[in-house]
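As provided, upload06.txt (compact mmCIF, C-alpha atoms and all ligand atoms) reads as follows.
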```txt
# COMPACT_ATOMS: atom_id res chain seq x y z
CA MET A 1158 -64.91 -1.30 62.60
CA LYS A 1159 -62.63 1.07 60.67
CA LYS A 1160 -60.62 -0.46 57.85
CA ILE A 1161 -57.10 0.78 57.26
CA LEU A 1162 -54.72 0.07 54.41
CA VAL A 1163 -51.11 -0.27 55.54
CA THR A 1164 -48.63 -0.16 52.68
CA GLY A 1165 -45.30 -1.75 53.50
CA GLY A 1166 -47.07 -3.37 56.42
CA LEU A 1167 -44.66 -6.29 56.60
CA GLY A 1168 -41.64 -4.03 57.05
CA TYR A 1169 -40.01 -3.03 60.29
CA ILE A 1170 -42.13 -0.06 61.38
CA GLY A 1171 -45.14 -1.21 59.34
CA SER A 1172 -45.44 -4.57 61.11
CA HIS A 1173 -45.29 -3.00 64.56
CA THR A 1174 -47.97 -0.53 63.48
CA VAL A 1175 -50.22 -3.31 62.16
CA VAL A 1176 -49.99 -4.94 65.60
CA ALA A 1177 -50.86 -1.65 67.33
CA LEU A 1178 -53.82 -1.09 64.97
CA GLN A 1179 -55.21 -4.59 65.41
CA GLU A 1180 -54.84 -4.32 69.19
CA ARG A 1181 -57.04 -1.19 68.99
CA GLY A 1182 -59.73 -2.95 67.00
CA PHE A 1183 -58.91 -1.67 63.50
CA LYS A 1184 -59.34 -4.00 60.56
CA VAL A 1185 -56.10 -3.95 58.60
CA VAL A 1186 -55.32 -4.67 54.97
CA VAL A 1187 -51.61 -4.94 54.26
CA VAL A 1188 -50.00 -4.51 50.88
CA ASP A 1189 -46.30 -5.10 50.40
CA ASN A 1190 -44.19 -6.01 47.37
CA LEU A 1191 -41.94 -8.16 49.60
CA SER A 1192 -38.83 -6.46 48.19
CA ASN A 1193 -37.50 -5.87 51.70
CA ALA A 1194 -39.82 -7.92 53.88
CA SER A 1195 -40.73 -11.53 54.48
CA ILE A 1196 -44.18 -13.05 54.17
CA ASP A 1197 -43.42 -14.82 57.49
CA VAL A 1198 -43.99 -11.51 59.26
CA LEU A 1199 -47.72 -12.28 58.93
CA VAL A 1200 -47.16 -15.26 61.22
CA GLY A 1201 -45.48 -13.04 63.80
CA ILE A 1202 -48.33 -10.53 63.69
CA GLU A 1203 -50.88 -13.31 64.12
CA ALA A 1204 -48.91 -14.80 67.02
CA ILE A 1205 -49.07 -11.47 68.86
CA THR A 1206 -52.59 -10.32 68.06
CA GLY A 1207 -54.43 -13.55 67.29
CA THR A 1208 -55.32 -12.26 63.82
CA ALA A 1209 -53.45 -12.21 60.56
CA PRO A 1210 -54.29 -9.08 58.59
CA GLU A 1211 -55.66 -9.40 55.07
CA PHE A 1212 -52.63 -9.38 52.79
CA GLU A 1213 -52.05 -8.70 49.12
CA ARG A 1214 -48.72 -8.63 47.35
CA LEU A 1215 -48.84 -5.39 45.42
CA GLU A 1216 -46.34 -3.34 43.46
CA LEU A 1217 -47.23 0.29 44.12
CA ARG A 1218 -45.18 1.41 41.11
CA ASP A 1219 -47.70 -0.40 38.91
CA LYS A 1220 -50.40 2.20 38.30
CA SER A 1221 -53.00 -0.20 36.91
CA ALA A 1222 -52.40 -2.77 39.67
CA VAL A 1223 -52.93 -0.02 42.27
CA ALA A 1224 -56.14 1.07 40.53
CA ASP A 1225 -57.36 -2.55 40.49
CA PHE A 1226 -56.59 -2.90 44.18
CA PHE A 1227 -58.67 0.15 45.08
CA ARG A 1228 -61.55 -0.97 42.88
CA GLU A 1229 -61.63 -4.17 44.93
CA HIS A 1230 -61.32 -2.37 48.27
CA GLN A 1231 -63.97 0.34 48.29
CA ASP A 1232 -64.45 0.37 52.04
CA LEU A 1233 -61.17 1.84 53.28
CA ASP A 1234 -61.27 4.57 55.95
CA GLY A 1235 -57.62 5.54 55.79
CA ILE A 1236 -54.12 4.70 54.65
CA ILE A 1237 -50.80 4.49 56.46
CA HIS A 1238 -48.10 4.62 53.82
CA PHE A 1239 -44.80 3.00 54.80
CA ALA A 1240 -43.85 1.30 51.54
CA ALA A 1241 -40.64 2.92 50.29
CA SER A 1242 -36.98 2.29 49.62
CA LYS A 1243 -34.97 3.49 52.59
CA ALA A 1244 -31.23 2.93 52.25
CA VAL A 1245 -29.42 6.25 52.08
CA GLY A 1246 -26.26 4.89 50.39
CA GLU A 1247 -28.22 2.90 47.81
CA SER A 1248 -30.21 6.01 46.95
CA VAL A 1249 -26.99 7.87 46.14
CA GLU A 1250 -25.90 5.03 43.82
CA ASN A 1251 -29.30 4.51 42.22
CA PRO A 1252 -31.30 7.74 42.51
CA LEU A 1253 -33.81 6.89 39.79
CA LEU A 1254 -34.85 3.75 41.63
CA TYR A 1255 -35.63 5.94 44.64
CA TYR A 1256 -37.44 8.62 42.68
CA GLU A 1257 -39.44 6.04 40.76
CA ASN A 1258 -40.36 3.91 43.73
CA ASN A 1259 -40.91 6.50 46.44
CA LEU A 1260 -42.63 9.14 44.31
CA HIS A 1261 -44.80 7.05 41.99
CA SER A 1262 -46.20 4.98 44.83
CA LEU A 1263 -47.46 8.04 46.71
CA VAL A 1264 -48.87 9.69 43.57
CA TYR A 1265 -50.81 6.56 42.61
CA LEU A 1266 -52.11 6.11 46.15
CA LEU A 1267 -53.31 9.72 46.27
CA GLN A 1268 -55.00 9.52 42.89
CA ASN A 1269 -56.99 6.60 44.21
CA CYS A 1270 -57.67 8.32 47.55
CA ILE A 1271 -59.33 11.11 45.63
CA GLU A 1272 -61.16 8.89 43.18
CA HIS A 1273 -62.54 6.65 45.93
CA GLN A 1274 -62.98 9.38 48.54
CA ILE A 1275 -60.61 8.01 51.13
CA PRO A 1276 -59.80 11.21 52.99
CA ASN A 1277 -57.11 10.16 55.47
CA ILE A 1278 -53.46 9.34 54.97
CA ILE A 1279 -50.45 9.11 57.27
CA PHE A 1280 -47.03 9.37 55.72
CA SER A 1281 -43.69 7.98 56.92
CA SER A 1282 -41.36 10.92 56.88
CA SER A 1283 -38.01 11.38 58.50
CA CYS A 1284 -35.95 13.85 60.51
CA THR A 1285 -33.61 13.70 57.54
CA VAL A 1286 -35.73 16.54 56.06
CA TYR A 1287 -34.05 18.92 58.54
CA GLY A 1288 -30.51 18.15 57.39
CA GLU A 1289 -27.90 19.55 59.80
CA PRO A 1290 -30.11 21.57 62.13
CA ASP A 1291 -29.29 25.12 63.22
CA GLN A 1292 -30.94 24.64 66.60
CA LEU A 1293 -31.45 21.71 68.92
CA PRO A 1294 -33.81 20.20 69.83
CA ILE A 1295 -35.47 20.45 66.41
CA THR A 1296 -39.01 21.78 66.21
CA GLU A 1297 -41.34 21.29 63.25
CA GLN A 1298 -40.75 24.96 62.41
CA ALA A 1299 -37.10 24.29 61.61
CA PRO A 1300 -36.42 24.80 57.90
CA VAL A 1301 -36.37 21.85 55.54
CA LYS A 1302 -32.80 21.89 54.25
CA GLN A 1303 -31.38 20.86 50.90
CA ALA A 1304 -31.48 17.06 51.04
CA THR A 1305 -28.14 15.26 51.32
CA SER A 1306 -29.37 12.12 49.54
CA PRO A 1307 -32.00 11.15 46.98
CA TYR A 1308 -33.66 9.15 49.76
CA GLY A 1309 -33.97 12.30 51.87
CA ASN A 1310 -35.15 14.24 48.84
CA THR A 1311 -37.97 11.76 48.22
CA LYS A 1312 -39.19 12.39 51.78
CA GLN A 1313 -39.18 16.14 51.18
CA ILE A 1314 -40.89 15.88 47.79
CA ASN A 1315 -43.48 13.48 49.19
CA GLU A 1316 -44.33 15.99 51.89
CA GLU A 1317 -44.78 18.66 49.19
CA ILE A 1318 -46.97 16.32 47.14
CA LEU A 1319 -49.14 15.77 50.20
CA ARG A 1320 -49.31 19.46 51.09
CA ASP A 1321 -50.35 20.42 47.55
CA THR A 1322 -52.87 17.59 47.27
CA CYS A 1323 -54.45 18.49 50.62
CA ALA A 1324 -54.78 22.10 49.45
CA ALA A 1325 -56.51 21.04 46.25
CA SER A 1326 -58.84 18.34 47.61
CA LYS A 1327 -60.60 17.05 50.72
CA LEU A 1328 -57.60 14.96 51.65
CA GLN A 1329 -56.26 15.23 55.21
CA ALA A 1330 -52.72 14.06 55.81
CA ILE A 1331 -50.33 13.73 58.70
CA SER A 1332 -46.63 13.37 58.06
CA LEU A 1333 -44.73 11.78 60.92
CA ARG A 1334 -41.07 12.72 60.93
CA TYR A 1335 -39.37 9.79 62.57
CA PHE A 1336 -36.11 10.09 64.39
CA ASN A 1337 -34.14 6.82 64.77
CA PRO A 1338 -36.40 3.82 65.39
CA ILE A 1339 -34.84 0.88 67.27
CA GLY A 1340 -35.94 -2.21 69.17
CA ALA A 1341 -38.55 -4.84 68.55
CA HIS A 1342 -41.87 -6.09 69.90
CA LYS A 1343 -41.37 -7.51 73.41
CA SER A 1344 -42.59 -10.93 72.25
CA ALA A 1345 -39.67 -11.14 69.77
CA GLN A 1346 -42.21 -12.29 67.17
CA ILE A 1347 -41.49 -9.28 64.93
CA GLY A 1348 -38.50 -6.96 64.62
CA GLU A 1349 -36.07 -5.45 62.15
CA LEU A 1350 -34.87 -7.80 59.40
CA PRO A 1351 -31.99 -6.09 57.58
CA VAL A 1352 -30.99 -7.61 54.26
CA GLY A 1353 -27.22 -8.12 53.98
CA VAL A 1354 -24.88 -5.99 56.04
CA PRO A 1355 -26.92 -3.69 58.28
CA GLN A 1356 -26.49 0.02 57.59
CA ASN A 1357 -28.09 1.17 60.82
CA LEU A 1358 -26.42 1.21 64.18
CA VAL A 1359 -28.53 -1.05 66.37
CA PRO A 1360 -28.86 -4.02 63.98
CA PHE A 1361 -25.10 -3.79 63.46
CA ILE A 1362 -24.62 -3.86 67.23
CA THR A 1363 -26.88 -6.89 67.75
CA GLN A 1364 -25.28 -8.79 64.84
CA THR A 1365 -21.84 -8.05 66.31
CA ALA A 1366 -22.99 -9.27 69.73
CA ALA A 1367 -24.31 -12.42 68.02
CA GLY A 1368 -20.90 -13.01 66.43
CA ILE A 1369 -22.07 -12.45 62.84
CA ARG A 1370 -19.93 -9.33 62.53
CA GLU A 1371 -16.41 -9.25 63.90
CA LYS A 1372 -16.71 -5.77 65.33
CA LEU A 1373 -18.68 -2.58 65.18
CA TRP A 1374 -17.10 0.38 63.44
CA VAL A 1375 -17.92 3.69 65.08
CA PHE A 1376 -18.06 6.26 62.30
CA GLY A 1377 -15.98 9.11 63.73
CA ASN A 1378 -14.98 10.25 67.21
CA ASP A 1379 -13.91 13.77 66.30
CA TYR A 1380 -17.34 15.40 66.04
CA PRO A 1381 -18.03 18.43 68.22
CA THR A 1382 -19.93 16.38 70.84
CA ALA A 1383 -18.98 15.38 74.41
CA ASP A 1384 -17.44 12.03 73.42
CA GLY A 1385 -16.82 12.90 69.74
CA SER A 1386 -19.43 10.53 68.27
CA CYS A 1387 -22.68 11.57 66.55
CA ILE A 1388 -25.87 12.16 68.48
CA ARG A 1389 -29.30 10.81 67.49
CA ASP A 1390 -32.72 10.47 69.03
CA TYR A 1391 -33.38 6.72 69.30
CA ILE A 1392 -37.04 5.84 69.68
CA HIS A 1393 -38.52 2.45 70.51
CA VAL A 1394 -40.38 1.17 67.44
CA VAL A 1395 -43.37 0.22 69.61
CA ASP A 1396 -43.68 3.85 70.78
CA LEU A 1397 -43.37 4.94 67.15
CA ALA A 1398 -46.10 2.48 66.08
CA GLU A 1399 -48.35 3.94 68.77
CA ALA A 1400 -47.86 7.43 67.31
CA HIS A 1401 -49.45 6.19 64.07
CA VAL A 1402 -52.56 4.98 65.87
CA VAL A 1403 -52.92 8.30 67.68
CA ALA A 1404 -52.39 10.25 64.44
CA LEU A 1405 -54.94 8.07 62.66
CA GLN A 1406 -57.51 8.71 65.37
CA ARG A 1407 -56.86 12.44 64.98
CA LEU A 1408 -57.68 12.17 61.27
CA LEU A 1409 -60.69 9.90 61.71
CA GLN A 1410 -62.16 12.17 64.39
CA GLN A 1411 -61.46 15.20 62.19
CA GLN A 1412 -59.41 16.92 64.87
CA SER A 1413 -56.71 18.22 62.55
CA GLU A 1414 -56.16 21.97 62.66
CA GLU A 1415 -54.79 21.98 59.13
CA ALA A 1416 -55.35 19.58 56.26
CA PHE A 1417 -51.63 18.77 56.17
CA GLU A 1418 -49.86 18.46 59.49
CA VAL A 1419 -46.36 17.36 60.45
CA PHE A 1420 -45.16 15.99 63.76
CA ASN A 1421 -41.75 15.03 65.05
CA VAL A 1422 -41.77 11.53 66.48
CA GLY A 1423 -38.81 11.06 68.78
CA THR A 1424 -38.04 10.87 72.47
CA GLY A 1425 -36.57 14.35 72.76
CA LYS A 1426 -33.33 12.90 74.12
CA GLY A 1427 -30.10 12.71 72.16
CA SER A 1428 -27.67 9.81 72.67
CA SER A 1429 -24.22 9.44 71.19
CA VAL A 1430 -23.04 6.30 69.40
CA VAL A 1431 -20.74 5.55 72.33
CA GLU A 1432 -23.62 5.97 74.78
CA VAL A 1433 -25.71 3.49 72.76
CA ILE A 1434 -22.85 0.98 72.88
CA GLN A 1435 -22.47 1.46 76.63
CA ALA A 1436 -26.22 1.12 77.19
CA PHE A 1437 -26.22 -2.11 75.16
CA GLU A 1438 -23.31 -3.51 77.18
CA LYS A 1439 -24.95 -2.59 80.46
CA THR A 1440 -28.34 -4.01 79.46
CA THR A 1441 -27.08 -7.31 78.05
CA GLY A 1442 -23.84 -7.85 79.99
CA ILE A 1443 -22.06 -8.40 76.67
CA THR A 1444 -18.80 -6.62 75.89
CA LEU A 1445 -19.10 -5.31 72.36
CA PRO A 1446 -15.93 -5.30 70.26
CA TYR A 1447 -15.75 -1.95 68.51
CA GLU A 1448 -13.26 0.34 66.87
CA VAL A 1449 -13.36 3.92 65.69
CA THR A 1450 -13.02 4.56 61.98
CA ASP A 1451 -13.48 7.54 59.64
CA ARG A 1452 -16.62 9.60 59.57
CA ARG A 1453 -19.37 8.25 57.30
CA GLN A 1454 -20.11 10.57 54.43
CA GLY A 1455 -23.37 12.43 54.80
CA ASP A 1456 -23.77 11.92 58.56
CA VAL A 1457 -25.01 14.94 60.47
CA VAL A 1458 -23.45 15.70 63.86
CA SER A 1459 -26.46 15.86 66.10
CA VAL A 1460 -30.22 15.52 65.73
CA TYR A 1461 -32.88 15.13 68.38
CA ALA A 1462 -36.50 16.10 68.47
CA ASP A 1463 -38.43 18.77 70.21
CA THR A 1464 -41.54 16.67 70.87
CA THR A 1465 -43.70 19.44 72.36
CA LYS A 1466 -46.07 19.47 69.37
CA ALA A 1467 -46.55 15.69 69.37
CA ASN A 1468 -46.99 15.71 73.16
CA ASN A 1469 -49.47 18.59 73.33
CA VAL A 1470 -51.32 18.50 70.02
CA LEU A 1471 -51.26 14.80 69.22
CA GLY A 1472 -51.33 13.70 72.85
CA TRP A 1473 -48.57 11.20 72.27
CA LYS A 1474 -45.32 10.71 74.17
CA ALA A 1475 -42.57 8.11 73.92
CA LYS A 1476 -42.72 5.90 77.00
CA LYS A 1477 -40.02 3.30 76.58
CA SER A 1478 -36.37 3.64 77.56
CA MET A 1479 -33.24 3.12 75.50
CA GLU A 1480 -32.44 0.08 77.70
CA GLU A 1481 -35.84 -1.47 77.01
CA ALA A 1482 -35.38 -0.89 73.28
CA LEU A 1483 -31.90 -2.42 73.24
CA ALA A 1484 -32.99 -5.41 75.34
CA SER A 1485 -35.85 -6.08 72.91
CA ALA A 1486 -33.52 -5.70 69.89
CA TRP A 1487 -31.15 -8.23 71.44
CA LYS A 1488 -33.95 -10.66 72.29
CA TRP A 1489 -35.15 -10.40 68.67
CA GLU A 1490 -31.64 -10.98 67.28
CA GLN A 1491 -31.27 -14.12 69.40
CA GLN A 1492 -34.70 -15.33 68.37
CA ILE A 1493 -33.99 -15.04 64.62
CA ARG A 1494 -30.65 -16.83 65.05
CA ASN A 1495 -32.33 -19.74 66.85
CA GLN A 1496 -34.96 -20.34 64.21
C1 LIG B 1501 -30.36 8.04 58.62
C2 LIG B 1501 -31.35 9.16 58.53
C3 LIG B 1501 -32.73 8.66 58.69
C4 LIG B 1501 -32.99 7.53 57.73
C5 LIG B 1501 -31.98 6.45 57.98
C6 LIG B 1501 -32.20 5.34 56.99
C7 LIG B 1501 -30.56 11.33 59.31
C8 LIG B 1501 -30.39 12.23 60.48
N1 LIG B 1501 -31.11 10.14 59.58
O1 LIG B 1501 -30.29 7.64 59.94
O2 LIG B 1501 -33.65 9.68 58.43
O3 LIG B 1501 -34.28 7.06 57.88
O4 LIG B 1501 -30.69 6.98 57.79
O5 LIG B 1501 -31.20 4.38 57.09
O6 LIG B 1501 -30.24 11.65 58.20
N2 LIG B 1501 -23.13 4.32 63.05
C9 LIG B 1501 -21.89 3.79 63.38
N3 LIG B 1501 -21.57 2.54 62.92
C10 LIG B 1501 -22.43 1.79 62.17
C11 LIG B 1501 -23.70 2.32 61.85
C12 LIG B 1501 -24.01 3.60 62.29
O7 LIG B 1501 -21.09 4.45 64.03
O8 LIG B 1501 -22.06 0.67 61.79
C13 LIG B 1501 -23.50 5.65 63.53
C14 LIG B 1501 -23.79 6.65 62.43
O9 LIG B 1501 -22.62 7.32 62.06
C15 LIG B 1501 -24.79 7.57 63.13
C16 LIG B 1501 -25.52 6.64 64.11
O10 LIG B 1501 -24.70 5.50 64.25
O11 LIG B 1501 -24.13 8.53 63.88
C17 LIG B 1501 -26.88 6.20 63.61
O12 LIG B 1501 -26.72 5.73 62.27
P1 LIG B 1501 -27.90 5.00 61.50
O13 LIG B 1501 -28.51 3.96 62.39
O14 LIG B 1501 -27.38 4.58 60.19
O15 LIG B 1501 -29.02 6.11 61.34
P2 LIG B 1501 -28.92 7.59 60.70
O16 LIG B 1501 -27.79 7.70 59.76
O17 LIG B 1501 -29.02 8.55 61.83
```
What does this structure look like when you write it as structure tokens?
Ligand code: UD1
Amino acid sequence: MKKILVTGGLGYIGSHTVVALQERGFKVVVVDNLSNASIDVLVGIEAITGTAPEFERLELRDKSAVADFFREHQDLDGIIHFAASKAVGESVENPLLYYENNLHSLVYLLQNCIEHQIPNIIFSSSCTVYGEPDQLPITEQAPVKQATSPYGNTKQINEEILRDTCAASKLQAISLRYFNPIGAHKSAQIGELPVGVPQNLVPFITQTAAGIREKLWVFGNDYPTADGSCIRDYIHVVDLAEAHVVALQRLLQQQSEEAFEVFNVGTGKGSSVVEVIQAFEKTTGITLPYEVTDRRQGDVVSVYADTTKANNVLGWKAKKSMEEALASAWKWEQQIRNQ
């Protein structure tokens, strides 16, 4: 049985990936500093899979604590690294927090990978590395553009750290560039748990539908798109979790063509903000109060993935629909309100 370390495994994408790994027979060790996740997520994972993963509260910024952890866990076959700060606006206000947290954690993990000969790592990257793309859909060959936020910059730098480390060692890495993950596990046992006012569209929609927010603000309707709102590639988090399992198997079976590989993980379909609202209303039967306001600083007009490489090379494809994702997000929102 292969043993996999999942950092940030109690977070939104991490928890869904732990479920997917356990369902495929992997033994999972989760570390999380609980800065943006609840320990109760372990209960949700156990309710779905019948097994709670081994868990340790660990601060990845603490070099000696990370070294201690690896000394005690000599039998790891690979790492999936989710643990990171992820709020774009916060990163603009507090860049050093982002550089410290997101860069140190990867460097310390990699030092230990090399010391303890753990050759496989999957990294949580983002389509934000492409900035405002010149061509749509975006392929992995598209240039990495000057980052528009420290958060985005940490993703770019982390990819460079991985590329350089792979070139200088036996490490193999896969960087998954996520588009916009939404939805929750169909059981509603795990899902997204935003702290405070949600920054992302779908949690804001579900909180508005639940009456926690008065209305949804649509950030701009004067973009050069059909209905004037921005276009994104929204991917069901369960499909995204599955991509990690497939990427891990590629590493474990030594199928990589290059030591450092990147894959877009999206659906390939772009949807506007207004289309997401309409899909939510149609799926749930709820009329969502919303109003258009100014553009949000830093938003790009349109991004959606060319998924050919992930489809053909990784053998992975998103299967779930926008409606399924929104229905699961709404079920999850209702479930957390009823607790
Ligand atoms: C961005 C990054 C993504 C990063 C994520 C972290 C890009 C292309 N994407 O996602 O890599 O991981 O931040 O948070 O840089 N919207 C509203 N009203 C709201 C909230 C959002 O209209 O209340 C709109 C936004 O303007 C945007 C869309 O909904 O057009 C999606 O926004 P959001 O969910 O925040 O994700 P991104 O900004 O695309």
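The shortest atom-to-atom distance to A:Asn1269, with all atoms listed in the file taken into account, belongs to A:Gln1231 out of A:Ser1281, A:Asn1357, A:Gln1231, A:Ser1459.
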Wanna dump the chain A-ligand LIG 1501 (chain B) contacts at 8 Å for me, each residue with its shortest atom pair and the distance in Å to one decimal, counting all atoms listed in the file, ordered by chain and number, as a tab-separated table?
```
residue	atom	partner	partner_atom	distance
A:Lys1243	CA	B:LIG1501	C6	5.5
A:Ala1244	CA	B:LIG1501	O5	5.1
A:Val1245	CA	B:LIG1501	O5	5.6
A:Ser1282	CA	B:LIG1501	O2	8.0
A:Ser1283	CA	B:LIG1501	O2	4.7
A:Cys1284	CA	B:LIG1501	O2	5.2
A:Thr1285	CA	B:LIG1501	O6	4.0
A:Val1286	CA	B:LIG1501	O2	7.6
A:Tyr1287	CA	B:LIG1501	C8	7.9
A:Gly1288	CA	B:LIG1501	O6	6.6
A:Glu1289	CA	B:LIG1501	C8	7.8
A:Gly1309	CA	B:LIG1501	O2	7.1
A:Tyr1335	CA	B:LIG1501	O2	7.1
A:Phe1336	CA	B:LIG1501	O2	6.5
A:Asn1337	CA	B:LIG1501	O17	6.2
A:Pro1355	CA	B:LIG1501	O8	7.4
A:Gln1356	CA	B:LIG1501	O14	5.3
A:Asn1357	CA	B:LIG1501	O13	3.2
A:Leu1358	CA	B:LIG1501	C11	3.7
A:Val1359	CA	B:LIG1501	O13	6.4
A:Phe1361	CA	B:LIG1501	O8	5.6
A:Ile1362	CA	B:LIG1501	O8	7.5
A:Leu1373	CA	B:LIG1501	O8	5.8
A:Trp1374	CA	B:LIG1501	N3	5.0
A:Val1375	CA	B:LIG1501	O7	3.4
A:Phe1376	CA	B:LIG1501	O7	3.9
A:Gly1377	CA	B:LIG1501	O7	6.9
A:Ser1386	CA	B:LIG1501	O11	6.7
A:Cys1387	CA	B:LIG1501	O11	4.3
A:Ile1388	CA	B:LIG1501	O11	6.1
A:Arg1389	CA	B:LIG1501	O17	6.1
A:Ser1429	CA	B:LIG1501	O11	7.4
A:Val1430	CA	B:LIG1501	O10	5.5
A:Val1449	CA	B:LIG1501	O7	7.9
A:Arg1452	CA	B:LIG1501	O9	6.9
A:Arg1453	CA	B:LIG1501	O9	5.8
A:Gly1455	CA	B:LIG1501	O6	7.7
A:Asp1456	CA	B:LIG1501	O9	5.9
A:Val1457	CA	B:LIG1501	C8	6.0
A:Val1458	CA	B:LIG1501	O11	7.2
A:Ser1459	CA	B:LIG1501	C8	7.8
A:Val1460	CA	B:LIG1501	C8	6.2
```
- Item | Selection near A:Ile1278, 9 Å with all atoms listed in the file, sequence-local residues under 2 positions removed, as a list of chain:residue names |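 Residues meeting the cut-off are A:Gly1235, A:Ile1236, A:Ile1237, A:His1238, A:Leu1267, A:Cys1270, A:Ile1275, A:Pro1276, A:Phe1280, A:Leu1328, A:Gln1329, A:Ala1330, A:Ile1331, A:Ser1332, A:Leu1405, A:Leu1408.
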- Report the distance between atom CA of A:Lys1312 and atom CA of A:Arg1407 in Å, rounded to one decimal place. 22.1 Å
Box for stretch 1319-1329 of chain A: with edges along x, y and z, all listed atoms inside and 8 Å added on each side, what are the centre and edge lengths in Å to one decimal, as JSON?
```
{"center_x": -54.9, "center_y": 18.5, "center_z": 50.7, "size_x": 27.5, "size_y": 23.1, "size_z": 25.0}
```
- Atomic separation - atom CA of A:Asn1315 relative to atom CA of A:Ala1224, Å: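 Computed distance, atom CA of A:Ala1224 to atom CA of A:Asn1315, equals 19.7 Å.
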Stretch 1386-1441 of chain A residues near stretch 1349-1352 of chain A within 12 Å, closest pair each, using all atoms listed in the file, as CSV:
```
residue,atom,partner,partner_atom,distance
A:His1393,CA,A:Glu1349,CA,11.8
A:Val1394,CA,A:Glu1349,CA,9.5
A:Val1395,CA,A:Glu1349,CA,11.9
```
- Item | Non-local contacts of A:Ile1202 (8 Å; all atoms listed in the file; under 2 positions in same chain excluded) as a list in words | Ser1172, Val1175, Val1176, Val1198, Leu1199, Val1200, Ala1204, Ile1205, Thr1206, Gly1207, Thr1208, Ala1209, Pro1210, Gln1346 and Ile1347 of chain A
Emit the selected residues as an mmCIF file, in the frame of the given file, including C-alpha atoms.
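Below is the file again-v8.cif, written as the result:
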```cif
data_model
loop_
_atom_site.group_PDB
_atom_site.id
_atom_site.type_symbol
_atom_site.label_atom_id
_atom_site.label_comp_id
_atom_site.auth_asym_id
_atom_site.auth_seq_id
_atom_site.Cartn_x
_atom_site.Cartn_y
_atom_site.Cartn_z
ATOM 1 C CA SER A 1172 -45.440 -4.570 61.110
ATOM 2 C CA VAL A 1175 -50.220 -3.310 62.160
ATOM 3 C CA VAL A 1176 -49.990 -4.940 65.600
ATOM 4 C CA VAL A 1198 -43.990 -11.510 59.260
ATOM 5 C CA LEU A 1199 -47.720 -12.280 58.930
ATOM 6 C CA VAL A 1200 -47.160 -15.260 61.220
ATOM 7 C CA ALA A 1204 -48.910 -14.800 67.020
ATOM 8 C CA ILE A 1205 -49.070 -11.470 68.860
ATOM 9 C CA THR A 1206 -52.590 -10.320 68.060
ATOM 10 C CA GLY A 1207 -54.430 -13.550 67.290
ATOM 11 C CA THR A 1208 -55.320 -12.260 63.820
ATOM 12 C CA ALA A 1209 -53.450 -12.210 60.560
ATOM 13 C CA PRO A 1210 -54.290 -9.080 58.590
ATOM 14 C CA GLN A 1346 -42.210 -12.290 67.170
ATOM 15 C CA ILE A 1347 -41.490 -9.280 64.930
#
```
- Give me, please, the distance in Å between atom CA of A:His1273 and atom CA of A:Asp1234, quoted to one decimal. 10.3 Å
- Task: Step by step: start from the point (-53.4, 0.0, 66.6) in the file's coordinates, keep every protein, DNA or RNA residue that has an atom no farther than 12 Å from it, count only C-alpha atoms, and write the set as a PyMOL selection string.
- Result: chain A and resi 1159-1161+1163+1171-1185+1206+1237+1395-1406
Keeping only C-alpha atoms, write the selected residues as a PDB file, keeping the file's coordinate frame.
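Now in again-v6.pdb:
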```pdb
ATOM      1  CA  LYS A1159     -62.630   1.070  60.670  1.00  0.00           C
ATOM      2  CA  LYS A1160     -60.620  -0.460  57.850  1.00  0.00           C
ATOM      3  CA  ILE A1161     -57.100   0.780  57.260  1.00  0.00           C
ATOM      4  CA  VAL A1163     -51.110  -0.270  55.540  1.00  0.00           C
ATOM      5  CA  GLY A1171     -45.140  -1.210  59.340  1.00  0.00           C
ATOM      6  CA  SER A1172     -45.440  -4.570  61.110  1.00  0.00           C
ATOM      7  CA  HIS A1173     -45.290  -3.000  64.560  1.00  0.00           C
ATOM      8  CA  THR A1174     -47.970  -0.530  63.480  1.00  0.00           C
ATOM      9  CA  VAL A1175     -50.220  -3.310  62.160  1.00  0.00           C
ATOM     10  CA  VAL A1176     -49.990  -4.940  65.600  1.00  0.00           C
ATOM     11  CA  ALA A1177     -50.860  -1.650  67.330  1.00  0.00           C
ATOM     12  CA  LEU A1178     -53.820  -1.090  64.970  1.00  0.00           C
ATOM     13  CA  GLN A1179     -55.210  -4.590  65.410  1.00  0.00           C
ATOM     14  CA  GLU A1180     -54.840  -4.320  69.190  1.00  0.00           C
ATOM     15  CA  ARG A1181     -57.040  -1.190  68.990  1.00  0.00           C
ATOM     16  CA  GLY A1182     -59.730  -2.950  67.000  1.00  0.00           C
ATOM     17  CA  PHE A1183     -58.910  -1.670  63.500  1.00  0.00           C
ATOM     18  CA  LYS A1184     -59.340  -4.000  60.560  1.00  0.00           C
ATOM     19  CA  VAL A1185     -56.100  -3.950  58.600  1.00  0.00           C
ATOM     20  CA  THR A1206     -52.590 -10.320  68.060  1.00  0.00           C
ATOM     21  CA  ILE A1237     -50.800   4.490  56.460  1.00  0.00           C
ATOM     22  CA  VAL A1395     -43.370   0.220  69.610  1.00  0.00           C
ATOM     23  CA  ASP A1396     -43.680   3.850  70.780  1.00  0.00           C
ATOM     24  CA  LEU A1397     -43.370   4.940  67.150  1.00  0.00           C
ATOM     25  CA  ALA A1398     -46.100   2.480  66.080  1.00  0.00           C
ATOM     26  CA  GLU A1399     -48.350   3.940  68.770  1.00  0.00           C
ATOM     27  CA  ALA A1400     -47.860   7.430  67.310  1.00  0.00           C
ATOM     28  CA  HIS A1401     -49.450   6.190  64.070  1.00  0.00           C
ATOM     29  CA  VAL A1402     -52.560   4.980  65.870  1.00  0.00           C
ATOM     30  CA  VAL A1403     -52.920   8.300  67.680  1.00  0.00           C
ATOM     31  CA  ALA A1404     -52.390  10.250  64.440  1.00  0.00           C
ATOM     32  CA  LEU A1405     -54.940   8.070  62.660  1.00  0.00           C
ATOM     33  CA  GLN A1406     -57.510   8.710  65.370  1.00  0.00           C
TER      34      GLN A1406
END
```
